[in-house]
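So the structure is just underneath, and the comments pick up after that.
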Amino acid sequence: MKGLLLLSGGFDSPVAGHLMKRQGVDIIAVHFSSKLVTDVESEKKSDRLAQKLDFKRFFSIDISPQLIRLSKECNHKLYFVLMKRLMYKIAERIAKKEKCKFLITGENLAQVSSQTLQNLGIIDRSVNLPVMRPLLGLDKQEIINMAKEIGTYEISCGPEHCDALGPLKPITKAKLREVLEAEDQINIKALVDNVLSMI
C-alpha cells in the first residue's frame, strides 16, 4: 500500500512518514517549495530527509507564484488554510497518478494557530482521499524526541520559512463559505492545473 507524504524540511512530517512506513506503507514524498520567496534550503533538507528515511520516491514542486497570488489577492487571514488546501489538491492529483491510497501529513492539533480542529476539517474537505495525521495528538517535544531517535533531527534543524507570506494573526476558525469564495476568486483549479503542467 502506498501513501503520499507532504514533506517539509521541518521536524514533523519526516517523523509522520517514518511512523507510516513502519506500518508497512510505501512512502511517496512531495515537497512544496517556495524558493522564489525564501530560498532552496527546505527543498534540500526535504531531499536529504527522503533519502535518510529511504522513501520510495521524492518530488519537489515550486509553488512560489501560486503562494504569492494567494497572499496578495485573497483575504490574508485565510492564507494558511488556502495554502494547505492548494497543496492538498495538488498532492491528491499526484497521489492518484502514483496509485497512493491516502495523503499523510505532519500536522498536529493546534500546535500552530492555523491547525485548529475547525481549520483542519476545512482543509480536509479540499480532497476526496483520506488524510492520515499520525502526529495529531503529540506535542512538539515528543516529536523532536522521535526525530532524534530516527536520525532526522540534525537534518531538520534550522529556520522554517513556510510562514513567510502568512499573516501575523491567521484565522483559527475559518468558514467554509469564505474559503470557497476565495478559491473561486483566485480560480484555484487553474492554479492547480498550472502547477501540474510544470511537473
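Convention: chains lettered A, B, ... in C-alpha cells order; per-chain residue numbering from 1; ligands numbered from 1 as shown.
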
Test item: residues at most 8 Å from range 185-189 of chain A, only C-alpha atoms, excluding those fewer than 6 positions along its chain, as a list in words: Arg69, Leu70, Glu73, Cys74 and Leu86 of chain A

Produce a file of the selected residues containing C-alpha atoms, as a PDB file, in the first residue's frame.
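Saved as part.pdb:
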ATOM      1  CA  ARG A  69      -1.038  35.236  -5.611  1.00  0.00           C
ATOM      2  CA  LEU A  70      -2.852  33.758  -2.614  1.00  0.00           C
ATOM      3  CA  GLU A  73      -5.333  38.515  -3.912  1.00  0.00           C
ATOM      4  CA  CYS A  74      -7.233  36.719  -1.121  1.00  0.00           C
ATOM      5  CA  LEU A  86      -3.814  24.207  -2.585  1.00  0.00           C
TER       6      LEU A  86
END

Residues flagged alpha helix (DSSP H) by DSSP in chain A, as a ChimeraX atom specification: /A:12-22,41-52,64-73,79-97,117-124,140-150,153-156,176-186,188-197

Could you list, as a short mmCIF file (atom, residue, chain, number, x, y, z; two decimals) with N, CA and C atoms, in the first residue's frame, every residue within 9 Å of Pro65 in chain A, counting only C-alpha atoms and ignoring same-chain residues fewer than 3 positions away?
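This went into part.cif:
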data_model
loop_
_atom_site.label_atom_id
_atom_site.label_comp_id
_atom_site.auth_asym_id
_atom_site.auth_seq_id
_atom_site.Cartn_x
_atom_site.Cartn_y
_atom_site.Cartn_z
N SER A 34 8.90 27.04 -1.85
CA SER A 34 8.58 28.45 -2.09
C SER A 34 9.89 29.20 -2.30
N LEU A 36 11.21 30.97 -4.55
CA LEU A 36 11.24 32.35 -5.05
C LEU A 36 10.97 33.36 -3.93
N VAL A 37 10.35 32.89 -2.87
CA VAL A 37 10.03 33.74 -1.73
C VAL A 37 11.11 33.64 -0.66
N ASP A 62 7.85 23.61 -7.07
CA ASP A 62 7.87 25.02 -6.69
C ASP A 62 6.49 25.63 -6.91
N ILE A 68 2.30 33.46 -3.82
CA ILE A 68 2.33 34.93 -3.89
C ILE A 68 0.96 35.46 -4.27
N ARG A 69 0.31 34.80 -5.22
CA ARG A 69 -1.04 35.24 -5.61
C ARG A 69 -2.03 35.09 -4.47
N LEU A 70 -1.96 33.95 -3.76
CA LEU A 70 -2.85 33.76 -2.61
C LEU A 70 -2.67 34.87 -1.59
#

Minimum-distance residue to Glu107 in chain A, chosen among A:Asp193, A:Asp124, A:Asp184, A:Asp26 (using only C-alpha atoms): A:Asp124

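Ranking A:Leu19, A:Ala91, A:Val81, A:Ile104 by their shortest atom-to-atom distance to Leu67 in chain A, with only C-alpha atoms included, puts A:Val81 first.
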
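Remark: for Lys148 in chain A, the closest of the candidate residues A:Val179, A:Asp12, A:Lys44, A:Leu103 is A:Asp12 (distances computed over only C-alpha atoms).
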
DSSP-assigned strand (DSSP E) members of range 50-186 of chain A, reported as a PyMOL selection string: chain A and resi 57-62+102-104+131-132

Residue nearest Asn194 in chain A - candidates A:Leu49, A:Ile90, A:Leu136, A:Met83, atoms counted: only C-alpha atoms: A:Ile90

Spatial neighbours of Leu82 in chain A, max dist 10 Å, only C-alpha atoms, sep filter under 3 positions, as an NGL selection string: :A and (67 or 70-71 or 74-79 or 85-88 or 122-123 or 126 or 179-180 or 182-183 or 188)

Store the residues of this selection in a file with C-alpha atoms, as a PDB file, in the first residue's frame.
ATOM      1  CA  LEU A  67       1.516  31.326  -2.992  1.00  0.00           C
ATOM      2  CA  LEU A  70      -2.852  33.758  -2.614  1.00  0.00           C
ATOM      3  CA  SER A  71      -1.132  36.221  -0.281  1.00  0.00           C
ATOM      4  CA  CYS A  74      -7.233  36.719  -1.121  1.00  0.00           C
ATOM      5  CA  ASN A  75      -8.269  37.559   2.443  1.00  0.00           C
ATOM      6  CA  HIS A  76      -4.842  37.418   4.093  1.00  0.00           C
ATOM      7  CA  LYS A  77      -6.172  35.886   7.307  1.00  0.00           C
ATOM      8  CA  LEU A  78      -7.201  32.813   5.291  1.00  0.00           C
ATOM      9  CA  TYR A  79      -3.724  32.381   3.799  1.00  0.00           C
ATOM     10  CA  ARG A  85      -5.870  23.344   0.503  1.00  0.00           C
ATOM     11  CA  LEU A  86      -3.814  24.207  -2.585  1.00  0.00           C
ATOM     12  CA  MET A  87      -1.091  21.774  -1.512  1.00  0.00           C
ATOM     13  CA  TYR A  88      -3.649  19.063  -0.783  1.00  0.00           C
ATOM     14  CA  ILE A 122     -11.992  22.600   6.141  1.00  0.00           C
ATOM     15  CA  ILE A 123      -8.584  21.676   4.748  1.00  0.00           C
ATOM     16  CA  SER A 126     -10.441  20.085  -0.316  1.00  0.00           C
ATOM     17  CA  VAL A 179     -12.728  29.753   1.827  1.00  0.00           C
ATOM     18  CA  LEU A 180     -14.667  28.545  -1.229  1.00  0.00           C
ATOM     19  CA  ALA A 182     -11.683  32.952  -2.042  1.00  0.00           C
ATOM     20  CA  GLU A 183     -10.822  29.892  -4.154  1.00  0.00           C
ATOM     21  CA  ILE A 188      -7.960  27.501  -7.702  1.00  0.00           C
TER      22      ILE A 188
END

Residue contacts of range 115-118 of chain A (12 Å, only C-alpha atoms) excluding same-chain residues fewer than 6 positions away, as a short mmCIF file (atom, residue, chain, number, x, y, z; two decimals) with C-alpha atoms, in the first residue's frame:
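Writing done, so here's selection18.cif:
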data_model
loop_
_atom_site.label_atom_id
_atom_site.label_comp_id
_atom_site.auth_asym_id
_atom_site.auth_seq_id
_atom_site.Cartn_x
_atom_site.Cartn_y
_atom_site.Cartn_z
CA PHE A 80 -2.63 29.26 5.70
CA VAL A 81 -5.93 27.44 5.10
CA LYS A 84 -2.82 23.96 2.69
CA THR A 105 0.87 14.99 6.85
CA GLY A 106 2.84 16.02 9.91
CA GLU A 107 0.08 18.26 11.22
CA ASN A 108 -0.74 18.13 14.90
CA LEU A 109 -3.72 19.69 16.58
CA ASP A 124 -9.61 18.00 4.56
CA ARG A 125 -12.68 18.92 2.53
CA ARG A 133 -2.11 12.51 10.62
CA LEU A 136 -2.20 14.57 15.62
CA GLY A 137 -2.15 14.32 19.42
CA PRO A 170 -4.13 33.80 10.95
CA ILE A 171 -7.77 32.87 11.28
CA THR A 172 -8.33 29.97 13.70
CA LYS A 173 -11.97 29.26 12.83
CA ALA A 174 -12.32 29.65 9.09
CA LYS A 175 -15.74 29.36 7.49
CA LEU A 176 -16.03 27.02 4.51
#
